[in-house]
>>> print(open('entry20.csv').read())   # CSV, C-alpha atoms
chain,number,residue,atom,x,y,z
A,1,MET,CA,-28.6,113.6,158.5
A,2,SER,CA,-28.8,111.4,161.5
A,3,MET,CA,-25.7,109.9,163.1
A,4,TYR,CA,-27.5,106.6,163.5
A,5,PRO,CA,-28.8,104.0,161.1
A,6,PRO,CA,-32.4,104.6,160.1
A,7,ILE,CA,-33.5,101.1,161.0
A,8,PHE,CA,-36.6,102.3,162.9
A,9,LYS,CA,-37.8,104.3,159.9
A,10,ALA,CA,-37.2,101.5,157.5
A,11,CYS,CA,-39.1,99.1,159.7
A,12,SER,CA,-41.9,101.4,160.5
A,13,ILE,CA,-42.9,101.8,156.8
A,14,SER,CA,-42.7,98.0,156.1
A,15,PRO,CA,-46.2,96.4,156.1
A,16,ALA,CA,-44.6,93.0,156.9
A,17,VAL,CA,-42.8,94.4,159.9
A,18,THR,CA,-45.8,96.3,161.2
A,19,ALA,CA,-48.0,93.3,160.8
A,20,ILE,CA,-45.8,91.4,163.3
A,21,LEU,CA,-44.4,94.2,165.5
A,22,GLY,CA,-47.4,96.6,165.4
A,23,ALA,CA,-47.7,100.0,164.0
A,24,SER,CA,-48.7,102.3,166.8
A,25,PRO,CA,-46.4,101.9,168.5
A,26,LEU,CA,-43.9,99.8,166.5
A,27,ARG,CA,-42.4,97.5,169.1
A,28,MET,CA,-38.8,98.1,168.0
A,29,TYR,CA,-36.7,99.7,170.6
A,30,GLN,CA,-33.1,101.0,171.1
A,31,PHE,CA,-31.1,98.9,173.5
A,32,GLY,CA,-32.4,99.1,177.1
A,33,LEU,CA,-35.5,101.1,176.1
A,34,ALA,CA,-38.1,98.3,175.8
A,35,PRO,CA,-40.8,98.8,178.4
A,36,GLN,CA,-41.1,96.3,181.1
A,37,LEU,CA,-43.7,93.6,180.3
A,38,VAL,CA,-43.8,94.8,176.6
A,39,VAL,CA,-46.1,92.7,174.3
A,40,LYS,CA,-44.2,90.1,172.3
A,41,PRO,CA,-43.0,89.9,169.7
A,42,TYR,CA,-40.7,92.9,169.8
A,43,ALA,CA,-37.3,93.8,168.6
A,44,THR,CA,-34.3,95.8,169.9
A,45,TRP,CA,-31.3,97.2,168.1
A,46,GLN,CA,-28.0,98.6,169.3
A,47,THR,CA,-24.8,99.9,167.7
A,48,ILE,CA,-22.0,97.4,168.3
A,49,SER,CA,-19.3,99.2,166.3
A,50,GLY,CA,-18.9,102.0,163.8
A,51,SER,CA,-16.5,104.4,162.3
A,52,PRO,CA,-16.6,107.5,160.0
A,53,GLU,CA,-15.5,107.1,156.4
A,54,ASN,CA,-12.3,109.2,156.8
A,55,TYR,CA,-10.5,110.9,154.0
A,56,LEU,CA,-7.1,112.7,153.8
A,57,TRP,CA,-8.7,115.6,151.9
A,58,GLY,CA,-11.6,116.6,154.2
A,59,ARG,CA,-14.4,115.7,156.5
A,60,PRO,CA,-16.1,112.3,156.3
A,61,ASP,CA,-19.3,112.2,154.2
A,62,ALA,CA,-20.6,109.0,155.8
A,63,ASP,CA,-20.5,106.9,158.9
A,64,GLY,CA,-20.5,103.1,158.9
A,65,PHE,CA,-22.2,101.1,161.6
A,66,THR,CA,-22.6,97.6,162.6
A,67,ILE,CA,-25.8,97.1,164.6
A,68,GLN,CA,-27.2,94.1,166.4
A,69,VAL,CA,-30.9,93.3,166.0
A,70,ASP,CA,-32.6,91.0,168.5
A,71,ILE,CA,-36.1,89.7,168.2
A,72,PHE,CA,-38.0,88.4,171.3
A,73,SER,CA,-41.1,86.3,171.0
A,74,ALA,CA,-43.3,83.7,172.6
A,75,THR,CA,-42.7,81.2,169.8
A,76,ALA,CA,-39.7,80.3,167.6
A,77,ALA,CA,-41.8,80.6,164.4
A,78,GLU,CA,-42.9,84.2,165.3
A,79,ALA,CA,-39.3,85.2,166.2
A,80,ARG,CA,-38.1,83.9,162.9
A,81,ASP,CA,-40.9,85.5,161.0
A,82,ALA,CA,-40.1,88.9,162.6
A,83,ALA,CA,-36.4,88.5,161.8
A,84,LYS,CA,-37.3,87.7,158.1
A,85,ALA,CA,-39.6,90.8,157.9
A,86,ILE,CA,-36.9,93.1,159.4
A,87,ARG,CA,-34.3,91.6,157.1
A,88,ASP,CA,-36.5,92.2,154.1
A,89,ALA,CA,-37.3,95.8,155.2
A,90,ILE,CA,-33.7,96.9,155.5
A,91,GLU,CA,-31.6,94.8,153.1
A,92,LEU,CA,-32.0,97.3,150.2
A,93,SER,CA,-30.3,99.9,152.4
A,94,ALA,CA,-28.0,97.8,154.5
A,95,TYR,CA,-26.3,94.3,154.6
A,96,VAL,CA,-26.9,91.5,157.0
A,97,VAL,CA,-23.4,90.4,157.9
A,98,ARG,CA,-24.0,87.8,160.6
A,99,TRP,CA,-26.8,85.5,161.6
A,100,GLY,CA,-26.5,85.2,165.3
A,101,GLY,CA,-27.8,82.6,167.6
A,102,GLU,CA,-31.3,81.5,168.4
A,103,SER,CA,-32.0,80.8,172.1
A,104,VAL,CA,-34.8,80.3,174.6
A,105,ASP,CA,-34.6,81.9,178.1
A,106,PRO,CA,-35.1,79.1,180.5
A,107,ASP,CA,-37.0,81.2,183.0
A,108,THR,CA,-39.4,83.3,180.8
A,109,LYS,CA,-39.5,80.8,177.8
A,110,THR,CA,-38.9,83.8,175.5
A,111,TYR,CA,-37.4,82.9,172.2
A,112,ARG,CA,-34.7,85.1,170.8
A,113,VAL,CA,-33.2,85.5,167.2
A,114,SER,CA,-30.2,87.7,166.6
A,115,PHE,CA,-28.4,89.1,163.6
A,116,ASP,CA,-26.0,91.9,162.7
A,117,VAL,CA,-26.3,94.5,160.0
A,118,ASP,CA,-23.7,96.8,158.4
A,119,TRP,CA,-25.2,100.2,157.4
A,120,ILE,CA,-23.5,103.1,155.8
A,121,VAL,CA,-25.3,106.4,156.7
A,122,GLN,CA,-24.6,109.5,154.5
A,123,ARG,CA,-24.0,112.7,156.5
>>> encode(input="entry20.csv", output="structure tokens")
Amino acid sequence: MSMYPPIFKACSISPAVTAILGASPLRMYQFGLAPQLVVKPYATWQTISGSPENYLWGRPDADGFTIQVDIFSATAAEARDAAKAIRDAIELSAYVVRWGGESVDPDTKTYRVSFDVDWIVQR
């Protein structure tokens, strides 16, 4: 099993997500890996905290992660639609635990929506 949450896999099989973020390629990137001048909208994700499910009797059988998801778009409506589609794609496997801020970059006029997700990954 992967040591990271399967957010890309969950989103790549969601028709609602691929309708907004594309399918080939899906414009969802690990932090720092979005190409320069990537087509909008796109999303990024990164682990912001995590820990194994430790037990006194043996090796952990799961890892818990909190990941931050950020959506970037040319319009507020499109950013919100992408956030909703990603939420719907993952919430049967993970929990949204924080609705982050919404902002607009003053230079690029790019809209951003952010939220955090808790995900338990079985080993």
>>> closest_atom_pairs(input="entry20.csv", of="region 28-59 of chain A", to="region 2-11 of chain A", cutoff="10 Å", atoms="all atoms listed in the file", output="tab-separated table")
residue	atom	partner	partner_atom	distance
A:Met28	CA	A:Phe8	CA	7.0
A:Tyr29	CA	A:Phe8	CA	8.1
A:Gln30	CA	A:Phe8	CA	9.0
A:Thr44	CA	A:Phe8	CA	9.8
A:Trp45	CA	A:Ile7	CA	8.4
A:Gln46	CA	A:Pro5	CA	9.9
A:Thr47	CA	A:Tyr4	CA	8.4
A:Gly50	CA	A:Tyr4	CA	9.8
A:Pro52	CA	A:Met3	CA	9.9
>>> closest_residue(input="entry20.csv", among="A:Phe115, A:Phe65, A:Trp57, A:Phe72", to="Pro41 (chain A)", atoms="all atoms listed in the file")
A:Phe72
>>> atom_distance(input="entry20.csv", atom1="CA of Trp119 (chain A)", atom2="CA of Ala19 (chain A)")
24.1 Å
>>> closest_residue(input="entry20.csv", among="A:Arg27, A:Ser12, A:Gly100, A:Val17", to="Asp88 (chain A)", atoms="only C-alpha atoms")
A:Val17
>>> closest_residue(input="entry20.csv", among="A:Ser93, A:Ser114, A:Asn54, A:Ser73", to="Val38 (chain A)", atoms="all atoms listed in the file")
A:Ser73
>>> atom_distance(input="entry20.csv", atom1="CA of Asp70 (chain A)", atom2="CA of Gln122 (chain A)")
24.5 Å
>>> residues_around(input="entry20.csv", residues="Ile48 (chain A)", least_positions_apart="2", cutoff="7 Å", atoms="only C-alpha atoms", output="VMD selection string")
chain A and resid 46 66 to 68
>>> closest_residue(input="entry20.csv", among="A:Val117, A:Ala16, A:Ala23, A:Ala62", to="Val96 (chain A)", atoms="only C-alpha atoms")
A:Val117
>>> residues_around(input="entry20.csv", residues="Lys40 (chain A)", least_positions_apart="3", cutoff="12 Å", atoms="only C-alpha atoms", output="list in words")
Ile20, Leu21, Gly22, Leu26, Arg27, Met28, Ala34, Pro35, Gln36, Leu37, Ala43, Thr44, Ile71, Phe72, Ser73, Ala74, Thr75, Ala76, Glu78, Ala79, Ala82, Thr108, Lys109, Thr110, Tyr111 and Arg112 of chain A
>>> atom_distance(input="entry20.csv", atom1="CA of Ile13 (chain A)", atom2="CA of Ser51 (chain A)")
27.1 Å
>>> closest_residue(input="entry20.csv", among="A:Ile120, A:Asp107, A:Ala77, A:Val113", to="Ala94 (chain A)", atoms="all atoms listed in the file")
A:Ile120
>>> closest_residue(input="entry20.csv", among="A:Ala85, A:Leu33, A:Val121, A:Leu92", to="Asp61 (chain A)", atoms="all atoms listed in the file")
A:Val121
>>> decode(input="entry20.csv", residues="region 56-98 of chain A", atoms="N, CA and C atoms", output="PDB file, in the first residue's frame")
ATOM      1  N   LEU A  56       0.785  -0.653  20.986  1.00  0.00           N
ATOM      2  CA  LEU A  56       1.787  -1.249  21.859  1.00  0.00           C
ATOM      3  C   LEU A  56       2.156  -2.656  21.401  1.00  0.00           C
ATOM      4  N   TRP A  57       1.246  -3.351  20.743  1.00  0.00           N
ATOM      5  CA  TRP A  57       1.434  -4.756  20.419  1.00  0.00           C
ATOM      6  C   TRP A  57       2.059  -5.027  19.054  1.00  0.00           C
ATOM      7  N   GLY A  58       2.338  -4.009  18.273  1.00  0.00           N
ATOM      8  CA  GLY A  58       2.934  -4.327  16.979  1.00  0.00           C
ATOM      9  C   GLY A  58       3.010  -3.141  16.043  1.00  0.00           C
ATOM     10  N   ARG A  59       3.348  -3.432  14.829  1.00  0.00           N
ATOM     11  CA  ARG A  59       3.524  -2.427  13.788  1.00  0.00           C
ATOM     12  C   ARG A  59       2.193  -1.750  13.451  1.00  0.00           C
ATOM     13  N   PRO A  60       2.214  -0.464  13.157  1.00  0.00           N
ATOM     14  CA  PRO A  60       0.979   0.218  12.741  1.00  0.00           C
ATOM     15  C   PRO A  60       0.409  -0.404  11.471  1.00  0.00           C
ATOM     16  N   ASP A  61      -0.917  -0.422  11.373  1.00  0.00           N
ATOM     17  CA  ASP A  61      -1.555  -0.957  10.172  1.00  0.00           C
ATOM     18  C   ASP A  61      -2.154   0.143   9.292  1.00  0.00           C
ATOM     19  N   ALA A  62      -1.971   1.394   9.720  1.00  0.00           N
ATOM     20  CA  ALA A  62      -2.509   2.519   8.952  1.00  0.00           C
ATOM     21  C   ALA A  62      -1.722   3.780   9.273  1.00  0.00           C
ATOM     22  N   ASP A  63      -1.774   4.707   8.352  1.00  0.00           N
ATOM     23  CA  ASP A  63      -1.184   6.032   8.544  1.00  0.00           C
ATOM     24  C   ASP A  63      -2.284   7.068   8.360  1.00  0.00           C
ATOM     25  N   GLY A  64      -2.298   8.054   9.228  1.00  0.00           N
ATOM     26  CA  GLY A  64      -3.259   9.143   9.099  1.00  0.00           C
ATOM     27  C   GLY A  64      -2.579  10.377   8.538  1.00  0.00           C
ATOM     28  N   PHE A  65      -3.241  11.048   7.629  1.00  0.00           N
ATOM     29  CA  PHE A  65      -2.684  12.235   6.993  1.00  0.00           C
ATOM     30  C   PHE A  65      -3.689  13.376   7.022  1.00  0.00           C
ATOM     31  N   THR A  66      -3.185  14.574   7.147  1.00  0.00           N
ATOM     32  CA  THR A  66      -3.976  15.761   6.846  1.00  0.00           C
ATOM     33  C   THR A  66      -3.333  16.377   5.619  1.00  0.00           C
ATOM     34  N   ILE A  67      -4.125  16.532   4.580  1.00  0.00           N
ATOM     35  CA  ILE A  67      -3.603  17.126   3.357  1.00  0.00           C
ATOM     36  C   ILE A  67      -4.355  18.417   3.051  1.00  0.00           C
ATOM     37  N   GLN A  68      -3.651  19.329   2.465  1.00  0.00           N
ATOM     38  CA  GLN A  68      -4.245  20.591   2.029  1.00  0.00           C
ATOM     39  C   GLN A  68      -4.442  20.524   0.522  1.00  0.00           C
ATOM     40  N   VAL A  69      -5.631  20.876   0.084  1.00  0.00           N
ATOM     41  CA  VAL A  69      -5.967  20.920  -1.336  1.00  0.00           C
ATOM     42  C   VAL A  69      -6.195  22.381  -1.701  1.00  0.00           C
ATOM     43  N   ASP A  70      -5.573  22.815  -2.782  1.00  0.00           N
ATOM     44  CA  ASP A  70      -5.756  24.181  -3.281  1.00  0.00           C
ATOM     45  C   ASP A  70      -6.184  24.108  -4.736  1.00  0.00           C
ATOM     46  N   ILE A  71      -7.186  24.879  -5.086  1.00  0.00           N
ATOM     47  CA  ILE A  71      -7.662  24.956  -6.456  1.00  0.00           C
ATOM     48  C   ILE A  71      -7.391  26.360  -6.960  1.00  0.00           C
ATOM     49  N   PHE A  72      -6.867  26.448  -8.181  1.00  0.00           N
ATOM     50  CA  PHE A  72      -6.535  27.735  -8.793  1.00  0.00           C
ATOM     51  C   PHE A  72      -7.315  27.848 -10.097  1.00  0.00           C
ATOM     52  N   SER A  73      -7.932  29.012 -10.319  1.00  0.00           N
ATOM     53  CA  SER A  73      -8.773  29.178 -11.486  1.00  0.00           C
ATOM     54  C   SER A  73      -8.840  30.627 -11.931  1.00  0.00           C
ATOM     55  N   ALA A  74      -9.366  30.828 -13.131  1.00  0.00           N
ATOM     56  CA  ALA A  74      -9.540  32.179 -13.668  1.00  0.00           C
ATOM     57  C   ALA A  74     -10.792  32.847 -13.127  1.00  0.00           C
ATOM     58  N   THR A  75     -11.719  32.065 -12.555  1.00  0.00           N
ATOM     59  CA  THR A  75     -12.942  32.643 -11.995  1.00  0.00           C
ATOM     60  C   THR A  75     -13.238  32.022 -10.635  1.00  0.00           C
ATOM     61  N   ALA A  76     -13.943  32.764  -9.807  1.00  0.00           N
ATOM     62  CA  ALA A  76     -14.330  32.249  -8.493  1.00  0.00           C
ATOM     63  C   ALA A  76     -15.287  31.070  -8.640  1.00  0.00           C
ATOM     64  N   ALA A  77     -16.241  31.173  -9.547  1.00  0.00           N
ATOM     65  CA  ALA A  77     -17.228  30.106  -9.728  1.00  0.00           C
ATOM     66  C   ALA A  77     -16.555  28.800 -10.137  1.00  0.00           C
ATOM     67  N   GLU A  78     -15.607  28.874 -11.049  1.00  0.00           N
ATOM     68  CA  GLU A  78     -14.917  27.670 -11.506  1.00  0.00           C
ATOM     69  C   GLU A  78     -14.079  27.057 -10.381  1.00  0.00           C
ATOM     70  N   ALA A  79     -13.422  27.897  -9.578  1.00  0.00           N
ATOM     71  CA  ALA A  79     -12.644  27.396  -8.443  1.00  0.00           C
ATOM     72  C   ALA A  79     -13.557  26.692  -7.440  1.00  0.00           C
ATOM     73  N   ARG A  80     -14.707  27.286  -7.164  1.00  0.00           N
ATOM     74  CA  ARG A  80     -15.651  26.667  -6.226  1.00  0.00           C
ATOM     75  C   ARG A  80     -16.227  25.371  -6.793  1.00  0.00           C
ATOM     76  N   ASP A  81     -16.525  25.350  -8.084  1.00  0.00           N
ATOM     77  CA  ASP A  81     -17.042  24.127  -8.710  1.00  0.00           C
ATOM     78  C   ASP A  81     -16.011  22.998  -8.633  1.00  0.00           C
ATOM     79  N   ALA A  82     -14.738  23.322  -8.866  1.00  0.00           N
ATOM     80  CA  ALA A  82     -13.681  22.312  -8.774  1.00  0.00           C
ATOM     81  C   ALA A  82     -13.540  21.812  -7.339  1.00  0.00           C
ATOM     82  N   ALA A  83     -13.610  22.714  -6.370  1.00  0.00           N
ATOM     83  CA  ALA A  83     -13.524  22.307  -4.962  1.00  0.00           C
ATOM     84  C   ALA A  83     -14.664  21.361  -4.607  1.00  0.00           C
ATOM     85  N   LYS A  84     -15.868  21.681  -5.063  1.00  0.00           N
ATOM     86  CA  LYS A  84     -17.028  20.817  -4.794  1.00  0.00           C
ATOM     87  C   LYS A  84     -16.842  19.448  -5.441  1.00  0.00           C
ATOM     88  N   ALA A  85     -16.359  19.412  -6.669  1.00  0.00           N
ATOM     89  CA  ALA A  85     -16.161  18.136  -7.359  1.00  0.00           C
ATOM     90  C   ALA A  85     -15.112  17.282  -6.649  1.00  0.00           C
ATOM     91  N   ILE A  86     -14.009  17.898  -6.216  1.00  0.00           N
ATOM     92  CA  ILE A  86     -12.968  17.159  -5.490  1.00  0.00           C
ATOM     93  C   ILE A  86     -13.525  16.667  -4.164  1.00  0.00           C
ATOM     94  N   ARG A  87     -14.235  17.536  -3.442  1.00  0.00           N
ATOM     95  CA  ARG A  87     -14.861  17.115  -2.175  1.00  0.00           C
ATOM     96  C   ARG A  87     -15.734  15.895  -2.385  1.00  0.00           C
ATOM     97  N   ASP A  88     -16.603  15.950  -3.396  1.00  0.00           N
ATOM     98  CA  ASP A  88     -17.522  14.843  -3.642  1.00  0.00           C
ATOM     99  C   ASP A  88     -16.778  13.562  -4.037  1.00  0.00           C
ATOM    100  N   ALA A  89     -15.650  13.703  -4.724  1.00  0.00           N
ATOM    101  CA  ALA A  89     -14.889  12.531  -5.158  1.00  0.00           C
ATOM    102  C   ALA A  89     -14.190  11.826  -4.007  1.00  0.00           C
ATOM    103  N   ILE A  90     -13.842  12.554  -2.958  1.00  0.00           N
ATOM    104  CA  ILE A  90     -13.035  11.947  -1.896  1.00  0.00           C
ATOM    105  C   ILE A  90     -13.777  11.725  -0.588  1.00  0.00           C
ATOM    106  N   GLU A  91     -14.947  12.329  -0.401  1.00  0.00           N
ATOM    107  CA  GLU A  91     -15.529  12.302   0.940  1.00  0.00           C
ATOM    108  C   GLU A  91     -16.085  10.955   1.377  1.00  0.00           C
ATOM    109  N   LEU A  92     -16.169   9.974   0.517  1.00  0.00           N
ATOM    110  CA  LEU A  92     -16.537   8.639   0.979  1.00  0.00           C
ATOM    111  C   LEU A  92     -15.329   7.868   1.497  1.00  0.00           C
ATOM    112  N   SER A  93     -14.121   8.404   1.249  1.00  0.00           N
ATOM    113  CA  SER A  93     -12.880   7.771   1.716  1.00  0.00           C
ATOM    114  C   SER A  93     -12.132   8.621   2.724  1.00  0.00           C
ATOM    115  N   ALA A  94     -12.471   9.894   2.801  1.00  0.00           N
ATOM    116  CA  ALA A  94     -11.748  10.838   3.651  1.00  0.00           C
ATOM    117  C   ALA A  94     -12.729  11.874   4.184  1.00  0.00           C
ATOM    118  N   TYR A  95     -12.240  12.737   5.069  1.00  0.00           N
ATOM    119  CA  TYR A  95     -13.088  13.744   5.689  1.00  0.00           C
ATOM    120  C   TYR A  95     -12.528  15.139   5.454  1.00  0.00           C
ATOM    121  N   VAL A  96     -13.366  16.042   4.972  1.00  0.00           N
ATOM    122  CA  VAL A  96     -12.971  17.448   4.922  1.00  0.00           C
ATOM    123  C   VAL A  96     -13.034  17.958   6.359  1.00  0.00           C
ATOM    124  N   VAL A  97     -11.933  18.532   6.833  1.00  0.00           N
ATOM    125  CA  VAL A  97     -11.869  18.981   8.226  1.00  0.00           C
ATOM    126  C   VAL A  97     -11.693  20.490   8.366  1.00  0.00           C
ATOM    127  N   ARG A  98     -11.443  21.169   7.252  1.00  0.00           N
ATOM    128  CA  ARG A  98     -11.307  22.627   7.317  1.00  0.00           C
ATOM    129  C   ARG A  98     -11.590  23.210   5.941  1.00  0.00           C
TER     130      ARG A  98
END
